[in-house]
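Participant: Starting off with a structure, shown below.
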Amino acid sequence: MRGLTPSLPRRASRAPAFGRALVLGRVMTLACTLAGLLRIASALAQTLPDATSAPDAGQGAEPGFFTGLLAPSRTYLLNDMGGLRTSLGDVGISLGLQETSEVLGNVTGGVHTGADYDGMTEMSVGLDTQKAFGWEGGIFNMSALQIHGRNLSTDNLDNLQQVSGIEADRSTRLWEMWFQQSFYEGVADIKIGQQSIDQEFMVSQYSSTVFMNMMMGWPMLPSADMYAGGPAYPLSSLGVRLRAQPTRAITVLAGVFDDNPPGGSFYNDSQVRGAEAWGGAFNLNTGALWIAELQYALNQPALGDMAYGDRSPGLPGTYKIGFWYDSGFFPDQQFNTQGVPLVGPGNTGNPLMHRGNYSAYALADQMVWRPNGESPRSVDLFARVMAAPPDRNQISESADGGVVVKDPLPGRDSDSFGLGFGVAQVSSALADLDQDIALITNHAYPIQSTETFIELTYQYQVAPWWLVQPDFQYIFNPGGGIPNPLNPNRIIGNETVFGLRTVVTF
Amino acid sequence: MPPAYCRRPDPSRGARAALFAGLLTVLPGLAVAGDGYLDGIHHHTTLASTVPDNGDQNPYAIAIAPVSAGKIQKDDVLVDNFNDKNNLQGLGTTIVDYNPTSKNLSLFAALPRHLEACPGGVGLTTAMTMLQSGFVIVGSLPSNDGTTATKGQGCLIVLDAQGKLAGVITSPHINGPWGNMAVIDNGTTAILFVSNTGFGVGAPADETPVIKQASVLRLELSIPPGKPPAVIRETVIASGFGEQADKGVFIIGPTGLALGAGGVLYVSDAIDNRIVAINDAATRSDSAGTGREVSKDGLLKRPLALALAPNGHLLVTNALNGQVVEIDPQSGKQLYAQWIDTDKAQTPPGNGDLFGIAMTPHGEGFYYVEDDMNTLVLAR
């Protein structure tokens with residue numbers, strides 16, 4: 001996500017305008033598809049014993065592809081890949097292949113209504129150096145992405161907090177490529193190479209794995225305020241990260257990375273510019289992003305911890321605080337180099353540049369209820385807040401939170417239900433600029449404020465390798481309150497979004 | 001391949017005395033029940049991946065080699081696999097051998113999926129031991145689809161020290177030989193104890209009934225020089241334990257067996273979440289039913305494998321979390337538990353990971369397997 005200079009026109013939607021009837025038709029189709037898939041998944045799950053005793057699984061028969069298709073022990077759809085996984089595993093190589101596909105559609109609000117399909121294929125290769133050639137504690141990892149389809153947030157919604165965490169420019173790209181070496185029986189490790197820091201920093205364990213909205217993974221604030229959204233999906237940067245666990249409860253993460261994966265200027269940082277089109281810019285010529293995080297694990301067992309029958313183990317939680325500093329230059333959101341607003345006659349369009357940017361954040365994951373210590377059923381709360389200076393940032397504060405219920409229905413141990421929200425506060429400098437526009441043009445102009453969304457979602461784990469997820473989101477004041485580019489006299493209306501995601505692990 | 005063996009000659013009094021002598025030899029220090037054992041355990045070291053070249057997964061049983069023979073060195077750690085390369089349960093056919101000195105893991109035995117004399121085929125279970133004569137005996141509870149819907153009766157498989165098939169033991173009393181094998185080994189004779197969890201078990205369902213037909217079988221073996229063990233008597237010494245087919249973990253039933261002082265056999269009764277004792281296990285001629293309850297609930301969370309620590313206490317792995325529990329079998333007191341698997345991929349951590357456990361030869365630590373990671377771990 002990226003803030004827009006007032007001197008630049010807001011990006012026109014690439015999607016054609018749809019008639020309401022067509023839109024409703026699409027939504028109906030989407031709803032039918034959703035219901036149909038859920039029915040199929042449910043039916044398959046209910047017939048598990050029959051499916052596993054299919055004709056090819058009879059006494060004396062050899063198991064085939066469909067044997068145990070939905071068994072709880074089947075991690076991968078393709079199982080052993082005809083022996084490939086085992087052969088590679090013998091030399092320390094692991095393979096990952098996963099497809100995420102989703103359809104999202106808005107039935108109200110937005111620039112216009114409609115539905116989009118998008119998807120992402122993730123491929124990864126890992127190497128355990130000990131198994132490969134006897135080097136203890138080393139892991140090499142390389143991953144690539146194939147991003148396909150269209151983005152509803154870009155096409156229809158023009159909102160800040162994108163409705164899907166996998167929405168990105170279509171491309172086939174290198175993602176991460178790093179080497180990690182652990183020391184002292186895993187008490188500390190160092191990771192060097194091309195890294196996507198959203199995999200380790202600012203992560204809420206409850207929200208990031210359940211919700212679809214981008215904000216629940218890599219938050220809104222760094223998405224908008226860092227160059228190109230920061231070294232986060234689908235981008236990564238060269239850098240070094242240290243992790244240490246001085247006590248069983250405390251973990252320290254600290255790293256320094258290039259702050260600008262594509263290497264362009266702040267307003268020309270496309271994910272597909274130059275060599276970054278395939279993830280190969282390996283830029284080191286801009287600022288440095290320093291980031292550190294302190295994590296505290298509450299009531300979480302460590303190897304060797306003793307448990308006593310007369311003491312309750314307590315409910316587990318994780319608390320994190322962090323800070324980042326970027327040494328690059330960042331454009332002022334209101335004023336140009338002459339100290340006058342970035343709108344009106346005589347505006348050069350060259351914003352005042354600030355040296356450095358920074359932000360602090362805190363997050364909490366806390367289980368608040370479970371029937372007993374051995375049950376997968378639990379109620380978990382999460383919350384995350386962060387702030388950055390308003391003069392050089394589009395988003396000055398963002399917050400998200402919610403509740404996740406695991407094992408929400410009888411016999412659905414691996415399912416999750418989630419209800420969450422996210423709030424993004426547009427910076428006061430941008431709001432002031434909106435007022436400047438109103439003054440200069442002598443016309444009413446909307447003043448950007450906050451954008452809020454709520455999300456209701458259910459993860460139906462058909463089998464360990466197959467997830468089906470219906471989703472609902474409602475976005476209040478999209479974009480923080482910005483004019484609809486198709487109807488500039490009105491701000492973009494509140495958006496009702498339905499979605500269905502499926503994830504298949506091959 | 002010898003046929004199923006059912007002869008029942010009476011052992012002499014001398015043989016019985018020798019059996020007790022053997023028991024005392026293999027269980028030093030049993031009478032001493034002093035301080036706890038687990039609070040002296042501080043290091044947990046992953047030793048090796050247990051996946052052999054054919055991709056078998058889910059390490060279950062652990063057996064420590066009492067002698068050097070064939071491919072095996074004394075104190076080697078044998079581990080069998082219950083799942084095949086596609087993670088289908090009841091289709092694993094391999095035993096690997098970890099050498100603590102060289103730190104190398106090698107394949108000891110790779111069995112065919114189907115053995116004519118073993119009803120249903122091969123799916124190696126938590127029942128495994130190595131005898132002083134060099135033979136390895138391992139249980140099979142086979143399936144063709146990863147569930148009990150297609151399970152066979154199974155058998156006990158006898159391997160020579162080269163890992164070659166030397167015999168198969170079947171009997172009407174053997175159905176799904178499942179749990180850890182306890183053994184009294186005198187060289188030319190031996191007594192095996194094994195639990196059976198296959199009687200009357202059908203396909204798993206959402207609410208599979210508990211069947212009270214699981215048993216503990218005592219097998220008295222004769223081991224002539226250069227020949228594989230032959231069964232000379234078999235006696236059901238305990239019966240009526242709960243057993244239940246399960247979609248996730250294949251089957252739930254009595255899994256851990258450990259011999260304690262005074263000829264007592266301890267059994268982990270997973271369904272009833274307790275440890276029970278079978279008195280006079282080596283000599284009784286009838287079934288003790290489900291025995292005498294030693295300890296129930298508390299820190300026990302579906303107890304699986306059992307081992308006897310040098311202080312005479314029982315170490316019990318939990319199926320439903322990553323803990324091993326220490327119990328004084330004399331008083332039934334649960335001292336405490338230790339987290340030996342904290343994998344957060346499961347809830348609670350380590351849930352469903354722990355199966356086999358075996359003391360190191362000198363008792364300074366114990367080996368265990370993490371079946372989600374397919375690894376052998378040493379705690380000391």
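Numbering starts fresh at 1 for the residues of each chain in the structure tokens, the chains themselves are lettered A, B, ... in the order given, and ligands are numbered from 1 as they appear.
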Could you list, as a list in words, every residue of chain B that has an atom within 6 Å of an atom of chain A, counting only C-alpha atoms?
Facilitator: His42, Gly55, Asn86, Asn144, Asp145, Gly248, Gly298, Leu299, Tyr336, Ala337, Gln338, Trp339, Ile340, Thr347 and Pro348 of chain B
Participant: Pull N, CA and C atoms from the residues just selected and write them as a short mmCIF file (atom, residue, chain, number, x, y, z; two decimals), in the first residue's frame.
Facilitator:
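Saved as part.cif:
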data_model
loop_
_atom_site.label_atom_id
_atom_site.label_comp_id
_atom_site.auth_asym_id
_atom_site.auth_seq_id
_atom_site.Cartn_x
_atom_site.Cartn_y
_atom_site.Cartn_z
N HIS B 42 18.15 -32.69 32.22
CA HIS B 42 18.19 -31.28 31.81
C HIS B 42 18.46 -31.08 30.31
N GLY B 55 11.18 -43.97 3.03
CA GLY B 55 10.28 -42.89 3.42
C GLY B 55 9.32 -43.22 4.54
N ASN B 86 3.71 -42.33 2.71
CA ASN B 86 2.57 -41.43 2.55
C ASN B 86 1.87 -41.14 3.87
N ASN B 144 -4.44 -51.56 5.37
CA ASN B 144 -4.18 -51.29 3.96
C ASN B 144 -4.53 -49.88 3.55
N ASP B 145 -5.17 -49.14 4.47
CA ASP B 145 -5.61 -47.79 4.10
C ASP B 145 -5.30 -46.76 5.17
N GLY B 248 -7.74 -40.34 14.13
CA GLY B 248 -6.49 -39.61 14.15
C GLY B 248 -5.29 -40.46 14.50
N GLY B 298 -4.81 -37.11 37.25
CA GLY B 298 -3.73 -36.21 37.66
C GLY B 298 -2.93 -35.76 36.46
N LEU B 299 -1.62 -36.03 36.49
CA LEU B 299 -0.75 -35.63 35.38
C LEU B 299 -0.86 -36.57 34.19
N TYR B 336 5.92 -35.74 39.50
CA TYR B 336 5.83 -34.57 38.62
C TYR B 336 5.94 -35.07 37.19
N ALA B 337 5.88 -34.13 36.28
CA ALA B 337 6.06 -34.46 34.87
C ALA B 337 7.08 -33.49 34.30
N GLN B 338 7.69 -33.90 33.20
CA GLN B 338 8.62 -33.00 32.52
C GLN B 338 8.19 -32.85 31.06
N TRP B 339 8.27 -31.62 30.57
CA TRP B 339 8.01 -31.38 29.14
C TRP B 339 9.20 -31.87 28.33
N ILE B 340 8.97 -32.87 27.49
CA ILE B 340 10.04 -33.35 26.62
C ILE B 340 9.73 -33.11 25.15
N THR B 347 -1.78 -28.70 19.78
CA THR B 347 -2.41 -28.13 20.97
C THR B 347 -2.94 -29.26 21.85
N PRO B 348 -2.47 -29.32 23.11
CA PRO B 348 -1.35 -28.59 23.67
C PRO B 348 -0.04 -29.04 23.04
#
Participant: When DSSP is applied to the backbone of this structure, which of stretch 200-324 of chain A are assigned strand (DSSP E)? Write them out as a PyMOL selection string.
Facilitator: chain A and resi 237-244+250-258+288-298+306-307+317-324
Participant: Let me make sure I understand: among B:Asp206, B:Glu116, B:Asp84, B:Asp353, which one has the smallest atom-to-atom distance to B:Cys155 if we use only C-alpha atoms?
Facilitator: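 Residue with the minimum atom-to-atom distance to B:Cys155: B:Glu116.
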Participant: Extract, using only C-alpha atoms, all DNA, RNA and protein residues at most 7 Å from B:Gly256, discarding same-chain residues fewer than 6 positions from it, and format them as a PyMOL selection string.
Facilitator: chain B and resi 179-180+267-268+304-306
Participant: Give me the residues near B:Ala205 as a PDB file with N, CA and C atoms, in the first residue's frame, where near means some atom within 7 Å (using only C-alpha atoms) and where sequence neighbours in that chain fewer than 2 positions away do not count.
Facilitator:
ATOM      1  N   PRO A  49     -14.621 -42.611   6.610  1.00  0.00           N
ATOM      2  CA  PRO A  49     -14.356 -44.047   6.742  1.00  0.00           C
ATOM      3  C   PRO A  49     -14.620 -44.791   5.440  1.00  0.00           C
TER       4      PRO A  49
ATOM      5  N   ALA B 203     -13.999 -50.200  12.048  1.00  0.00           N
ATOM      6  CA  ALA B 203     -13.589 -48.930  11.418  1.00  0.00           C
ATOM      7  C   ALA B 203     -13.812 -47.772  12.389  1.00  0.00           C
ATOM      8  N   GLU B 207     -18.009 -41.351  16.647  1.00  0.00           N
ATOM      9  CA  GLU B 207     -18.137 -41.800  18.040  1.00  0.00           C
ATOM     10  C   GLU B 207     -17.949 -43.313  18.088  1.00  0.00           C
ATOM     11  N   THR B 208     -16.711 -43.721  17.931  1.00  0.00           N
ATOM     12  CA  THR B 208     -16.409 -45.144  17.930  1.00  0.00           C
ATOM     13  C   THR B 208     -16.576 -45.701  19.344  1.00  0.00           C
ATOM     14  N   LYS B 247      -9.828 -42.148  14.331  1.00  0.00           N
ATOM     15  CA  LYS B 247      -9.468 -41.598  13.019  1.00  0.00           C
ATOM     16  C   LYS B 247      -8.070 -40.990  13.024  1.00  0.00           C
TER      17      LYS B 247
END
Participant: For A:Arg490, list every protein, DNA or RNA residue within 10 Å, evaluated using only C-alpha atoms, and leave out those in the same chain fewer than 6 positions away; present the list as a ChimeraX atom specification.
Facilitator: /A:445-446,481-484
Participant: Selected residues, N, CA and C atoms, written as a CSV table (one decimal), in the first residue's frame, please.
Facilitator:
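For reference, out-v2.csv as written:
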chain,number,residue,atom,x,y,z
A,445,TYR,N,-14.4,19.6,0.4
A,445,TYR,CA,-13.5,18.5,0.1
A,445,TYR,C,-13.4,17.5,1.3
A,446,PRO,N,-13.5,16.2,1.1
A,446,PRO,CA,-13.6,15.3,2.2
A,446,PRO,C,-12.2,15.3,3.0
A,481,GLY,N,-12.0,8.0,3.9
A,481,GLY,CA,-12.9,9.1,3.4
A,481,GLY,C,-12.4,9.8,2.2
A,482,ILE,N,-12.4,9.2,1.1
A,482,ILE,CA,-11.8,9.8,-0.1
A,482,ILE,C,-12.9,9.9,-1.2
A,483,PRO,N,-12.7,10.9,-2.1
A,483,PRO,CA,-13.7,11.0,-3.2
A,483,PRO,C,-13.7,9.7,-4.1
A,484,ASN,N,-14.9,9.3,-4.5
A,484,ASN,CA,-15.0,8.2,-5.5
A,484,ASN,C,-14.5,8.7,-6.8
Participant: Env of A:Gln295: 9 Å cut, atoms = only C-alpha atoms, seq-sep filter 4 positions within chain, self excluded. Answer as a VMD selection string.
Facilitator: chain A and resid 249 to 253 318 to 322
Participant: Pick from B:Gly253, B:Pro52, B:Pro142, B:Pro329: nearest to B:Leu115, with only C-alpha atoms counted?
Facilitator: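 Of all the options, B:Pro142 lies closest to B:Leu115.
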